file structure-v3.pdb (PDB, C-alpha atoms and all ligand atoms)
ATOM      1  CA  MET O   6     -22.792  -7.386  18.862
ATOM      2  CA  SER O   7     -25.659  -9.259  17.410
ATOM      3  CA  VAL O   8     -23.596 -11.468  15.187
ATOM      4  CA  ARG O   9     -21.381 -12.980  17.793
ATOM      5  CA  SER O  10     -23.266 -16.143  18.494
ATOM      6  CA  THR O  11     -20.977 -18.136  20.727
ATOM      7  CA  THR O  12     -20.752 -17.889  24.473
ATOM      8  CA  VAL O  13     -17.951 -15.441  23.842
ATOM      9  CA  SER O  14     -20.573 -12.841  22.982
ATOM     10  CA  LEU O  15     -22.023 -13.025  26.453
ATOM     11  CA  VAL O  16     -18.610 -12.554  27.917
ATOM     12  CA  LEU O  17     -18.036  -9.586  25.669
ATOM     13  CA  VAL O  18     -21.312  -7.934  26.645
ATOM     14  CA  ALA O  19     -20.381  -8.320  30.267
ATOM     15  CA  LEU O  20     -16.932  -6.967  29.606
ATOM     16  CA  VAL O  21     -18.158  -3.903  27.808
ATOM     17  CA  ALA O  22     -20.474  -3.143  30.671
ATOM     18  CA  THR O  23     -17.769  -3.817  33.220
ATOM     19  CA  SER O  24     -15.127  -1.772  31.498
ATOM     20  CA  ALA O  25     -17.536   1.099  30.974
ATOM     21  CA  ALA O  26     -18.339   1.081  34.652
ATOM     22  CA  LEU O  27     -14.664   1.106  35.528
ATOM     23  CA  LEU O  28     -13.998   4.189  33.479
ATOM     24  CA  SER O  29     -13.569   7.465  35.167
ATOM     25  CA  SER O  30     -14.572  10.438  33.143
ATOM     26  CA  ARG O  31     -11.672  11.917  31.313
ATOM     27  CA  ASP O  32     -10.959  14.984  29.330
ATOM     28  CA  ASP O  33      -8.718  15.777  26.443
ATOM     29  CA  ALA O  34      -8.162  15.136  22.889
ATOM     30  CA  THR O  35      -9.883  13.137  20.261
ATOM     31  CA  GLY O  36      -7.893  10.824  18.108
ATOM     32  CA  ALA O  37      -7.823   7.170  17.328
ATOM     33  CA  GLY O  38      -4.106   7.005  16.798
ATOM     34  CA  SER O  39      -1.090   7.807  18.843
ATOM     35  CA  ARG O  40       1.615   8.475  16.365
ATOM     36  CA  SER O  41       2.520  11.878  15.124
ATOM     37  CA  GLY O  42       5.524  13.565  13.703
ATOM     38  CA  GLY O  43       7.216  16.519  15.301
ATOM     39  CA  GLU O  44      10.176  17.332  17.394
ATOM     40  CA  SER O  45      12.609  14.693  18.384
ATOM     41  CA  ASP O  46      12.974  13.835  22.009
ATOM     42  CA  THR O  47      15.210  10.984  22.913
ATOM     43  CA  SER O  48      14.721  11.053  26.642
ATOM     44  CA  GLU O  49      13.221   8.049  28.354
ATOM     45  CA  ALA O  50       9.533   7.880  29.076
ATOM     46  CA  ALA O  51       8.953   8.710  32.708
ATOM     47  CA  SER O  52       5.304   9.525  32.620
ATOM     48  CA  THR O  53       3.912   7.238  35.281
ATOM     49  CA  ALA O  54       4.026  10.001  37.882
ATOM     50  CA  GLN O  55       1.388  11.958  35.961
ATOM     51  CA  ASP O  56      -0.760   8.963  35.186
ATOM     52  CA  THR O  57      -3.716  10.030  37.267
ATOM     53  CA  THR O  58      -5.141  10.701  33.801
ATOM     54  CA  PRO O  59      -3.893   7.646  31.986
ATOM     55  CA  GLY O  60      -3.826   7.099  28.293
ATOM     56  CA  GLY O  61      -2.614   8.820  25.203
ATOM     57  CA  THR O  62       0.845  10.249  24.889
ATOM     58  CA  ASP O  63       2.776  12.523  27.185
ATOM     59  CA  ALA O  64       4.098  15.959  26.224
ATOM     60  CA  ARG O  65       7.018  14.302  24.463
ATOM     61  CA  GLY O  66       4.780  12.181  22.269
ATOM     62  CA  ILE O  67       5.554   8.966  24.119
ATOM     63  CA  PRO O  68       2.643   6.662  24.971
ATOM     64  CA  ARG O  69       1.747   6.488  28.636
ATOM     65  CA  TYR O  70       2.455   2.787  28.911
ATOM     66  CA  ILE O  71       0.361   1.131  31.578
ATOM     67  CA  SER O  72       2.537   0.612  34.597
ATOM     68  CA  ARG O  73       1.605  -2.468  36.573
ATOM     69  CA  PRO O  74       3.065  -5.876  37.336
ATOM     70  CA  PHE O  75       1.852  -8.888  35.385
ATOM     71  CA  SER O  76       1.672 -12.365  36.854
ATOM     72  CA  ALA O  77       2.909 -15.345  34.849
ATOM     73  CA  ARG O  78      -0.705 -16.323  34.193
ATOM     74  CA  GLU O  79      -1.603 -12.856  32.932
ATOM     75  CA  ARG O  80       1.431 -12.810  30.664
ATOM     76  CA  ARG O  81       0.442 -16.160  29.231
ATOM     77  CA  LEU O  82      -3.136 -14.999  28.614
ATOM     78  CA  LEU O  83      -2.015 -11.825  26.824
ATOM     79  CA  LEU O  84       0.380 -13.834  24.710
ATOM     80  CA  ASP O  85      -2.074 -16.608  23.857
ATOM     81  CA  ALA O  86      -5.022 -14.342  23.152
ATOM     82  CA  TYR O  87      -3.480 -11.252  21.578
ATOM     83  CA  GLY O  88       0.124 -11.989  20.567
ATOM     84  CA  VAL O  89       1.326  -9.583  23.254
ATOM     85  CA  ASP O  90       4.674 -10.795  24.562
ATOM     86  CA  ASP O  91       5.840  -7.540  26.193
ATOM     87  CA  PRO O  92       2.813  -6.305  28.183
ATOM     88  CA  GLN O  93       4.748  -3.327  29.495
ATOM     89  CA  TRP O  94       4.166  -1.702  26.086
ATOM     90  CA  LEU O  95       0.370  -1.729  26.405
ATOM     91  CA  TYR O  96      -1.402   1.624  26.687
ATOM     92  CA  LEU O  97      -4.740   3.331  26.215
ATOM     93  CA  SER O  98      -5.017   5.178  22.919
ATOM     94  CA  ASP O  99      -5.986   8.512  24.415
ATOM     95  CA  SER O 100      -7.462  10.086  27.513
ATOM     96  CA  THR O 101     -11.107   9.903  26.570
ATOM     97  CA  GLU O 102     -13.513   7.327  27.911
ATOM     98  CA  SER O 103     -13.696   5.671  24.516
ATOM     99  CA  ALA O 104      -9.946   5.060  24.430
ATOM    100  CA  ILE O 105      -8.950   1.553  23.463
ATOM    101  CA  LEU O 106      -6.117  -0.702  24.523
ATOM    102  CA  LYS O 107      -3.182  -0.627  22.123
ATOM    103  CA  TYR O 108       0.150  -2.363  21.992
ATOM    104  CA  ASP O 109       3.529  -1.311  20.660
ATOM    105  CA  SER O 110       5.618  -4.303  19.653
ATOM    106  CA  LYS O 111       8.581  -2.380  21.026
ATOM    107  CA  GLU O 112       9.003   0.625  23.260
ATOM    108  CA  LYS O 113       8.490   4.005  21.633
ATOM    109  CA  ARG O 114      11.246   6.168  23.034
ATOM    110  CA  CYS O 115      10.723   9.490  21.321
ATOM    111  CA  LYS O 116       8.081  11.390  19.415
ATOM    112  CA  THR O 117       9.581  10.666  16.016
ATOM    113  CA  CYS O 118      10.855   7.184  16.819
ATOM    114  CA  TYR O 119       8.765   4.911  14.655
ATOM    115  CA  VAL O 120       7.178   1.809  16.164
ATOM    116  CA  ASP O 121       4.302  -0.362  14.982
ATOM    117  CA  SER O 122       1.137  -0.096  17.080
ATOM    118  CA  TYR O 123      -1.721  -2.556  17.200
ATOM    119  CA  ARG O 124      -5.238  -2.412  18.575
ATOM    120  CA  VAL O 125      -5.583  -5.289  21.022
ATOM    121  CA  GLY O 126      -8.178  -7.901  20.073
ATOM    122  CA  TYR O 127      -8.762  -6.476  16.593
ATOM    123  CA  LEU O 128      -9.069  -8.552  13.456
ATOM    124  CA  SER O 129      -5.892  -9.046  11.500
ATOM    125  CA  MET O 130      -3.957 -11.640   9.557
ATOM    126  CA  ARG O 131      -1.898 -12.451  12.637
ATOM    127  CA  ARG O 132      -2.043 -16.177  13.228
ATOM    128  CA  VAL O 133      -3.380 -17.613  16.451
ATOM    129  CA  GLY O 134      -0.466 -17.736  18.884
ATOM    130  CA  GLU O 135       1.811 -15.586  16.721
ATOM    131  CA  ILE O 136       3.503 -12.667  18.460
ATOM    132  CA  TRP O 137       3.452  -9.306  16.712
ATOM    133  CA  ASP O 138       7.199  -9.290  16.111
ATOM    134  CA  ASP O 139       6.863 -12.545  14.184
ATOM    135  CA  PHE O 140       3.868 -11.193  12.277
ATOM    136  CA  GLU O 141       5.976  -8.203  11.201
ATOM    137  CA  VAL O 142       8.821 -10.447  10.027
ATOM    138  CA  ARG O 143       6.370 -12.642   8.117
ATOM    139  CA  MET O 144       4.786  -9.595   6.452
ATOM    140  CA  ARG O 145       8.181  -8.192   5.490
ATOM    141  CA  HIS O 146       8.898 -11.364   3.578
ATOM    142  CA  MET O 147       5.609 -11.463   1.716
ATOM    143  CA  ARG O 148       5.351 -10.129  -1.810
ATOM    144  CA  ARG O 149       2.235  -8.766  -3.468
ATOM    145  CA  ALA O 150       1.752 -12.027  -5.345
ATOM    146  CA  ASP O 151       1.586 -13.898  -2.038
ATOM    147  CA  PHE O 152      -1.660 -12.154  -1.141
ATOM    148  CA  PRO O 153      -5.059 -13.163  -2.559
ATOM    149  CA  PRO O 154      -6.261 -10.983  -5.467
ATOM    150  CA  SER O 155      -8.989  -9.565  -3.229
ATOM    151  CA  ALA O 156      -6.284  -7.825  -1.177
ATOM    152  CA  ALA O 157      -5.549  -5.494  -4.096
ATOM    153  CA  ARG O 158      -9.154  -4.392  -4.487
ATOM    154  CA  VAL O 159      -9.910  -0.844  -3.346
ATOM    155  CA  ASP O 160     -13.445  -0.571  -2.038
ATOM    156  CA  VAL O 161     -14.970   2.915  -2.204
ATOM    157  CA  SER O 162     -18.597   1.903  -1.681
ATOM    158  CA  LEU O 163     -20.431   2.997   1.436
ATOM    159  CA  ASP O 164     -22.667  -0.037   0.874
ATOM    160  CA  ASP O 165     -19.958  -2.340   2.203
ATOM    161  CA  LEU O 166     -19.745  -0.616   5.549
ATOM    162  CA  ASP O 167     -21.289  -1.867   8.771
ATOM    163  CA  PRO O 168     -24.996  -0.929   8.581
ATOM    164  CA  GLU O 169     -24.765   1.569  11.413
ATOM    165  CA  ALA O 170     -21.671   3.157   9.884
ATOM    166  CA  ARG O 171     -23.230   3.195   6.426
ATOM    167  CA  THR O 172     -26.099   5.338   7.694
ATOM    168  CA  ALA O 173     -23.842   7.576   9.764
ATOM    169  CA  PHE O 174     -21.253   8.184   7.031
ATOM    170  CA  THR O 175     -23.914   8.817   4.411
ATOM    171  CA  ALA O 176     -25.441  11.490   6.642
ATOM    172  CA  LEU O 177     -22.022  12.947   7.472
ATOM    173  CA  LEU O 178     -20.989  13.225   3.820
ATOM    174  CA  ASP O 179     -24.341  14.716   2.830
ATOM    175  CA  ALA O 180     -24.132  17.330   5.571
ATOM    176  CA  ALA O 181     -20.513  18.180   4.763
ATOM    177  CA  ARG O 182     -21.255  18.583   1.072
ATOM    178  CA  ARG O 183     -24.198  20.804   1.912
ATOM    179  CA  ALA O 184     -21.699  22.866   3.900
ATOM    180  CA  ASP O 185     -19.704  23.218   0.655
ATOM    181  CA  PHE O 186     -16.862  20.817   1.335
ATOM    182  CA  ALA O 187     -15.533  19.178  -1.840
ATOM    183  CA  LEU O 188     -15.080  15.562  -0.792
ATOM    184  CA  SER O 189     -14.173  12.266  -2.377
ATOM    185  CA  VAL O 190     -14.170   8.828  -0.790
ATOM    186  CA  ARG O 191     -10.837   7.088  -1.236
ATOM    187  CA  GLU O 192     -11.551   3.845   0.628
ATOM    188  CA  THR O 193     -14.208   2.301   2.854
ATOM    189  CA  TYR O 194     -14.182  -1.376   3.870
ATOM    190  CA  ARG O 195     -10.796  -3.017   3.910
ATOM    191  CA  SER O 196     -10.458  -6.754   4.434
ATOM    192  CA  PRO O 197      -7.847  -7.950   6.918
ATOM    193  CA  ASP O 198      -5.788  -9.387   4.058
ATOM    194  CA  ARG O 199      -5.809  -6.020   2.284
ATOM    195  CA  GLU O 200      -4.833  -4.387   5.560
ATOM    196  CA  ALA O 201      -1.930  -6.845   5.773
ATOM    197  CA  LEU O 202      -0.909  -6.167   2.158
ATOM    198  CA  LEU O 203      -0.792  -2.423   2.780
ATOM    199  CA  PHE O 204       1.078  -3.016   6.004
ATOM    200  CA  SER O 205       3.666  -5.133   4.217
ATOM    201  CA  GLU O 206       4.152  -2.572   1.461
ATOM    202  CA  GLY O 207       4.033   0.492   3.679
ATOM    203  CA  HIS O 208       6.189  -0.993   6.417
ATOM    204  CA  GLY O 209       3.376  -0.161   8.783
ATOM    205  CA  ARG O 210       3.779   3.575   8.371
ATOM    206  CA  THR O 211       0.178   4.344   7.684
ATOM    207  CA  TYR O 212      -1.419   0.970   8.077
ATOM    208  CA  THR O 213      -1.573  -0.763  11.403
ATOM    209  CA  ALA O 214      -2.839  -4.196  10.337
ATOM    210  CA  THR O 215      -5.571  -3.721  12.964
ATOM    211  CA  SER O 216      -8.010  -1.228  11.554
ATOM    212  CA  MET O 217     -11.568  -0.027  11.911
ATOM    213  CA  HIS O 218     -11.706  -0.297   8.114
ATOM    214  CA  SER O 219     -11.879  -4.081   8.612
ATOM    215  CA  TYR O 220     -14.966  -3.529  10.758
ATOM    216  CA  GLY O 221     -16.572  -1.363   8.090
ATOM    217  CA  ARG O 222     -16.472   1.574  10.474
ATOM    218  CA  ALA O 223     -13.849   3.805   8.829
ATOM    219  CA  VAL O 224     -13.788   5.831   5.634
ATOM    220  CA  ASP O 225     -10.846   7.647   4.082
ATOM    221  CA  ILE O 226     -12.170  10.973   2.861
ATOM    222  CA  VAL O 227     -10.101  13.297   0.697
ATOM    223  CA  VAL O 228     -10.767  17.031   0.761
ATOM    224  CA  GLY O 229     -10.421  19.069  -2.424
ATOM    225  CA  ASP O 230      -7.415  18.074  -4.510
ATOM    226  CA  GLY O 231      -6.001  16.093  -1.602
ATOM    227  CA  ARG O 232      -2.697  17.970  -1.692
ATOM    228  CA  VAL O 233      -2.245  18.652   1.966
ATOM    229  CA  ASN O 234       0.925  20.663   1.335
ATOM    230  CA  ARG O 235      -1.101  23.319  -0.466
ATOM    231  CA  PRO O 236      -2.144  25.947   2.095
ATOM    232  CA  SER O 237      -5.704  26.279   0.762
ATOM    233  CA  THR O 238      -6.278  22.522   0.703
ATOM    234  CA  ARG O 239      -4.782  22.134   4.121
ATOM    235  CA  ALA O 240      -6.990  24.899   5.537
ATOM    236  CA  ASP O 241     -10.081  23.239   4.047
ATOM    237  CA  TRP O 242      -9.008  19.884   5.438
ATOM    238  CA  VAL O 243      -8.513  21.259   8.941
ATOM    239  CA  ARG O 244     -11.951  22.868   8.697
ATOM    240  CA  PHE O 245     -13.446  19.569   7.528
ATOM    241  CA  ARG O 246     -11.836  17.627  10.377
ATOM    242  CA  ARG O 247     -13.305  20.116  12.858
ATOM    243  CA  PHE O 248     -16.679  19.688  11.146
ATOM    244  CA  VAL O 249     -16.396  15.892  11.466
ATOM    245  CA  LEU O 250     -15.627  16.095  15.174
ATOM    246  CA  SER O 251     -18.429  18.526  15.952
ATOM    247  CA  TRP O 252     -21.036  16.816  13.832
ATOM    248  CA  GLY O 253     -23.170  13.863  14.979
ATOM    249  CA  ASN O 254     -22.743  14.348  18.721
ATOM    250  CA  GLY O 255     -19.064  13.604  18.593
ATOM    251  CA  SER O 256     -19.540  10.064  17.350
ATOM    252  CA  PHE O 257     -16.810  10.358  14.716
ATOM    253  CA  ARG O 258     -13.125  10.299  15.369
ATOM    254  CA  VAL O 259     -10.083  11.384  13.424
ATOM    255  CA  ILE O 260      -6.442  10.623  14.056
ATOM    256  CA  GLY O 261      -4.652  13.316  16.009
ATOM    257  CA  PRO O 262      -5.792  16.929  16.420
ATOM    258  CA  PRO O 263      -7.617  18.587  13.492
ATOM    259  CA  ASP O 264      -4.573  20.531  12.296
ATOM    260  CA  HIS O 265      -1.879  17.923  12.710
ATOM    261  CA  THR O 266      -1.908  14.259  11.784
ATOM    262  CA  TRP O 267      -0.051  11.522   9.973
ATOM    263  CA  ASP O 268      -3.304  10.307   8.398
ATOM    264  CA  TRP O 269      -5.435  13.158   7.046
ATOM    265  CA  PRO O 270      -8.219  11.206   5.262
ATOM    266  CA  HIS O 271      -9.092   8.710   8.003
ATOM    267  CA  VAL O 272     -12.459   9.136   9.749
ATOM    268  CA  GLU O 273     -14.014   6.426  11.880
ATOM    269  CA  LEU O 274     -17.262   5.909  13.732
ATOM    270  CA  ALA O 275     -16.629   5.129  17.373
ATOM    271  CA  THR O 276     -18.279   2.223  19.139
ATOM    272  CA  ASP O 277     -18.206   0.819  22.640
ATOM    273  CA  ASN O 278     -18.413  -2.721  21.300
ATOM    274  CA  ILE O 279     -14.963  -3.019  19.737
ATOM    275  CA  GLY O 280     -11.724  -2.631  21.631
ATOM    276  CA  PHE O 281     -10.822  -3.024  25.294
ATOM    277  CA  ARG O 282     -11.074  -0.069  27.663
ATOM    278  CA  SER O 283      -8.747  -1.551  30.260
ATOM    279  CA  ILE O 284      -6.164  -4.250  30.858
ATOM    280  CA  ASP O 285      -8.585  -6.015  33.178
ATOM    281  CA  ALA O 286     -11.196  -6.225  30.416
ATOM    282  CA  ALA O 287      -8.620  -7.665  28.024
ATOM    283  CA  LEU O 288      -7.473 -10.212  30.597
ATOM    284  CA  ALA O 289     -11.005 -11.332  31.439
ATOM    285  CA  PHE O 290     -11.808 -11.778  27.767
ATOM    286  CA  ALA O 291      -8.555 -13.644  27.200
ATOM    287  CA  ALA O 292      -9.408 -16.069  29.993
ATOM    288  CA  ALA O 293     -12.676 -16.871  28.205
ATOM    289  CA  CYS O 294     -11.475 -16.970  24.611
ATOM    290  CA  THR O 295      -8.425 -19.166  25.147
ATOM    291  CA  THR O 296     -10.279 -22.099  26.687
ATOM    292  CA  ASP O 297     -10.368 -25.333  24.732
ATOM    293  CA  SER O 298     -14.095 -24.984  24.098
ATOM    294  CA  ALA O 299     -13.734 -21.421  22.819
ATOM    295  CA  ARG O 300     -10.862 -22.485  20.579
ATOM    296  CA  ALA O 301     -13.009 -25.327  19.283
ATOM    297  CA  HIS O 302     -15.690 -22.892  18.128
ATOM    298  CA  PRO O 303     -13.950 -19.947  16.489
ATOM    299  CA  PRO O 304     -15.978 -17.596  14.308
ATOM    300  CA  ALA O 305     -15.943 -18.638  10.676
ATOM    301  CA  SER O 306     -13.294 -16.901   8.628
ATOM    302  CA  ALA O 307     -15.993 -15.806   6.193
ATOM    303  CA  ALA O 308     -17.476 -13.671   8.951
ATOM    304  CA  LEU O 309     -14.060 -12.185   9.552
ATOM    305  CA  GLY O 310     -13.428 -11.009   6.028
ATOM    306  CA  GLY O 311     -11.095 -13.893   5.352
ATOM    307  CA  ALA O 312      -9.023 -13.319   8.468
ATOM    308  CA  VAL O 313      -7.648 -16.107  10.615
ATOM    309  CA  SER O 314     -10.485 -17.661  12.601
ATOM    310  CA  ASP O 315      -9.844 -16.697  16.175
ATOM    311  CA  PRO O 316     -12.245 -16.572  19.126
ATOM    312  CA  CYS O 317     -10.069 -13.827  20.673
ATOM    313  CA  VAL O 318     -10.912 -11.132  18.140
ATOM    314  CA  PHE O 319     -13.864  -8.780  18.031
ATOM    315  CA  VAL O 320     -16.169  -9.991  15.306
ATOM    316  CA  PRO O 321     -17.530  -7.429  12.847
ATOM    317  CA  HIS O 322     -21.153  -7.404  11.764
ATOM    318  CA  LEU O 323     -20.941  -6.013   8.319
ATOM    319  CA  ARG O 324     -24.329  -7.123   7.087
TER
HETATM  320 ZN    ZN O 401      -8.343   5.055   7.069
END
call {"tool": "encode", "arguments": {"input": "structure-v3.pdb", "output": "structure tokens"}}
result
Amino acid sequence: MSVRSTTVSLVLVALVATSAALLSSRDDATGAGSRSGGESDTSEAASTAQDTTPGGTDARGIPRYISRPFSARERRLLLDAYGVDDPQWLYLSDSTESAILKYDSKEKRCKTCYVDSYRVGYLSMRRVGEIWDDFEVRMRHMRRADFPPSAARVDVSLDDLDPEARTAFTALLDAARRADFALSVRETYRSPDREALLFSEGHGRTYTATSMHSYGRAVDIVVGDGRVNRPSTRADWVRFRRFVLSWGNGSFRVIGPPDHTWDWPHVELATDNIGFRSIDAALAFAAACTTDSARAHPPASAALGGAVSDPCVFVPHLR
């Protein structure tokens, strides 16, 4: 929070407080992501009836898209601020109170149907005003040589994390190693342009283009030989993921349940300061960040890891 120096920061503080107050307490699973493999189910999502506990995915692995009407003004704000042109595909990432607002650029219709998901308001290489569909097309046409050399650099240093995350991950890794886990760090900070490069090469499968790695709050940690198809490695990895979730007062998150995920190494440190907890919070922030004066004073791209300067993104404070 401390780095955001424009009036936007004040708005954000208010929003965090407001959205926290609006939250009801919720139960259920951990997990920063929503995608998982599994059985196919091609039936239509019809989950709104059970949305007294909103967020996450239903039993068929389909996101519980937020069901509400949007006025023309709200649609324009979501488009201008976040590149969201189909607000009916917005949803909360899970059912916990730290869930964040996410967006599928198209409807996910079954558990194994692949769609790209984005964290609303997160740093990325999406241009101001660009919708996510257009971002995806642009990325598909980019080759490795089109990205700056820095995008190819793999950072494995904990020193480049957000200061709070640096301390927390150092303590986590120390404790886990003392508990006899064999661990190696595969990647820590990832610039938005590296995130975009990986997205373009991986067709979004593992990389979302909107990542906590770009905030210095995620570390990819490999257990043992990293071969998750080996039963012994897999068992160790499941044990490690349980360790991560139980350690540090539940401040760390993994993607999916401990024993089933599409991204085994990813661990991130949760924060209330990044991500929207409700549509209303996102709309209020959009109203503030899309004004002419806010647009005239975007955060410097240097502070955004080289990303497009945009007053509508959450600014990291990496140093
Ligand atoms: Zn990761």
call {"tool": "residues_near_ligand", "arguments": {"input": "structure-v3.pdb", "ligand": "ligand ZN 401 (chain O)", "cutoff": "8 Å", "atoms": "all atoms listed in the file", "output": "list in words"}}
result
Glu192, Thr193, Ser216, Met217, His218, Ala223, Val224, Asp225, Asp268, Pro270, His271, Val272 and Glu273 of chain O
call {"tool": "write_last_selection", "arguments": {"input": "structure-v3.pdb", "atoms": "C-alpha atoms", "output": "compact mmCIF listing (two decimals), in the coordinates of the input"}}
result
# COMPACT_ATOMS: atom_id res chain seq x y z
CA GLU O 192 -11.55 3.84 0.63
CA THR O 193 -14.21 2.30 2.85
CA SER O 216 -8.01 -1.23 11.55
CA MET O 217 -11.57 -0.03 11.91
CA HIS O 218 -11.71 -0.30 8.11
CA ALA O 223 -13.85 3.80 8.83
CA VAL O 224 -13.79 5.83 5.63
CA ASP O 225 -10.85 7.65 4.08
CA ASP O 268 -3.30 10.31 8.40
CA PRO O 270 -8.22 11.21 5.26
CA HIS O 271 -9.09 8.71 8.00
CA VAL O 272 -12.46 9.14 9.75
CA GLU O 273 -14.01 6.43 11.88
call {"tool": "residues_around", "arguments": {"input": "structure-v3.pdb", "residues": "Asp91 of chain O", "least_positions_apart": "3", "cutoff": "9 Å", "atoms": "only C-alpha atoms", "output": "PDB file with C-alpha atoms, in the coordinates of the input"}}
result
ATOM      1  CA  ARG O  80       1.431 -12.810  30.664  1.00  0.00           C
ATOM      2  CA  LEU O  83      -2.015 -11.825  26.824  1.00  0.00           C
ATOM      3  CA  LEU O  84       0.380 -13.834  24.710  1.00  0.00           C
ATOM      4  CA  TRP O  94       4.166  -1.702  26.086  1.00  0.00           C
ATOM      5  CA  LEU O  95       0.370  -1.729  26.405  1.00  0.00           C
ATOM      6  CA  TYR O 108       0.150  -2.363  21.992  1.00  0.00           C
ATOM      7  CA  ASP O 109       3.529  -1.311  20.660  1.00  0.00           C
ATOM      8  CA  SER O 110       5.618  -4.303  19.653  1.00  0.00           C
ATOM      9  CA  LYS O 111       8.581  -2.380  21.026  1.00  0.00           C
TER      10      LYS O 111
END
call {"tool": "closest_residue", "arguments": {"input": "structure-v3.pdb", "among": "O:Ile226, O:Leu309, O:Leu128, O:Ala181", "to": "Tyr87 of chain O", "atoms": "only C-alpha atoms"}}
result
O:Leu128
call {"tool": "resolve_selection", "arguments": {"input": "structure-v3.pdb", "expression": "the PyMOL selection byres (((chain O and resi 107) around 8) and not hetatm)", "output": "number ranges by chain"}}
result
O: 95-98, 105-106, 108-109, 122-125
call {"tool": "closest_residue", "arguments": {"input": "structure-v3.pdb", "among": "O:Leu203, O:Leu188, O:Ala150, O:Ala173", "to": "Trp242 of chain O", "atoms": "all atoms listed in the file"}}
result
O:Leu188
call {"tool": "residues_around", "arguments": {"input": "structure-v3.pdb", "residues": "Pro68 of chain O", "least_positions_apart": "4", "cutoff": "8 Å", "atoms": "only C-alpha atoms", "output": "VMD selection string"}}
result
chain O and resid 39 60 to 63 96 113
call {"tool": "residues_around", "arguments": {"input": "structure-v3.pdb", "residues": "Asp241 of chain O", "least_positions_apart": "2", "cutoff": "12 Å", "atoms": "all atoms listed in the file", "output": "PyMOL selection string"}}
result
chain O and resi 181+184-188+227-239+243-248+263-264+269
call {"tool": "resolve_selection", "arguments": {"input": "structure-v3.pdb", "expression": "the PyMOL selection byres (((chain O and resi 302) around 10) and not hetatm)", "output": "list in words"}}
result
Thr11, Thr12, Val13, Cys294, Asp297, Ser298, Ala299, Arg300, Ala301, Pro303, Pro304, Ala305, Ser314, Asp315 and Pro316 of chain O
call {"tool": "atom_distance", "arguments": {"input": "structure-v3.pdb", "atom1": "atom CA of Thr213 of chain O", "atom2": "atom CA of Ala64 of chain O"}}
result
23.1 Å
call {"tool": "closest_residue", "arguments": {"input": "structure-v3.pdb", "among": "O:Phe140, O:Ile284, O:Leu82, O:Trp252", "to": "Asp179 of chain O", "atoms": "only C-alpha atoms"}}
result
O:Trp252
call {"tool": "atom_distance", "arguments": {"input": "structure-v3.pdb", "atom1": "atom CA of Thr101 of chain O", "atom2": "atom CA of Ile260 of chain O"}}
result
13.4 Å
call {"tool": "closest_residue", "arguments": {"input": "structure-v3.pdb", "among": "O:Gly253, O:Pro59, O:Pro168, O:Gly66", "to": "Arg114 of chain O", "atoms": "only C-alpha atoms"}}
result
O:Gly66
call {"tool": "atom_distance", "arguments": {"input": "structure-v3.pdb", "atom1": "atom CA of Pro92 of chain O", "atom2": "atom CA of Phe75 of chain O"}}
result
7.7 Å
call {"tool": "closest_residue", "arguments": {"input": "structure-v3.pdb", "among": "O:Asp99, O:Asp160, O:Asp121, O:Glu169", "to": "Arg324 of chain O", "atoms": "all atoms listed in the file"}}
result
O:Glu169
call {"tool": "decode", "arguments": {"input": "structure-v3.pdb", "residues": "segment 104-117 of chain O", "atoms": "C-alpha atoms", "output": "tab-separated table (two decimals), in the first residue's frame"}}
result
chain	number	residue	atom	x	y	z
O	104	ALA	CA	-11.33	-14.70	-2.58
O	105	ILE	CA	-10.61	-12.29	-5.39
O	106	LEU	CA	-12.58	-11.21	-8.42
O	107	LYS	CA	-11.64	-13.10	-11.56
O	108	TYR	CA	-12.79	-12.98	-15.14
O	109	ASP	CA	-13.07	-15.63	-17.82
O	110	SER	CA	-12.81	-14.14	-21.29
O	111	LYS	CA	-15.43	-16.68	-22.31
O	112	GLU	CA	-17.85	-18.89	-20.46
O	113	LYS	CA	-16.42	-22.06	-18.97
O	114	ARG	CA	-18.99	-24.72	-19.70
O	115	CYS	CA	-17.47	-27.85	-18.25
O	116	LYS	CA	-14.78	-28.93	-15.83
O	117	THR	CA	-12.28	-29.79	-18.54
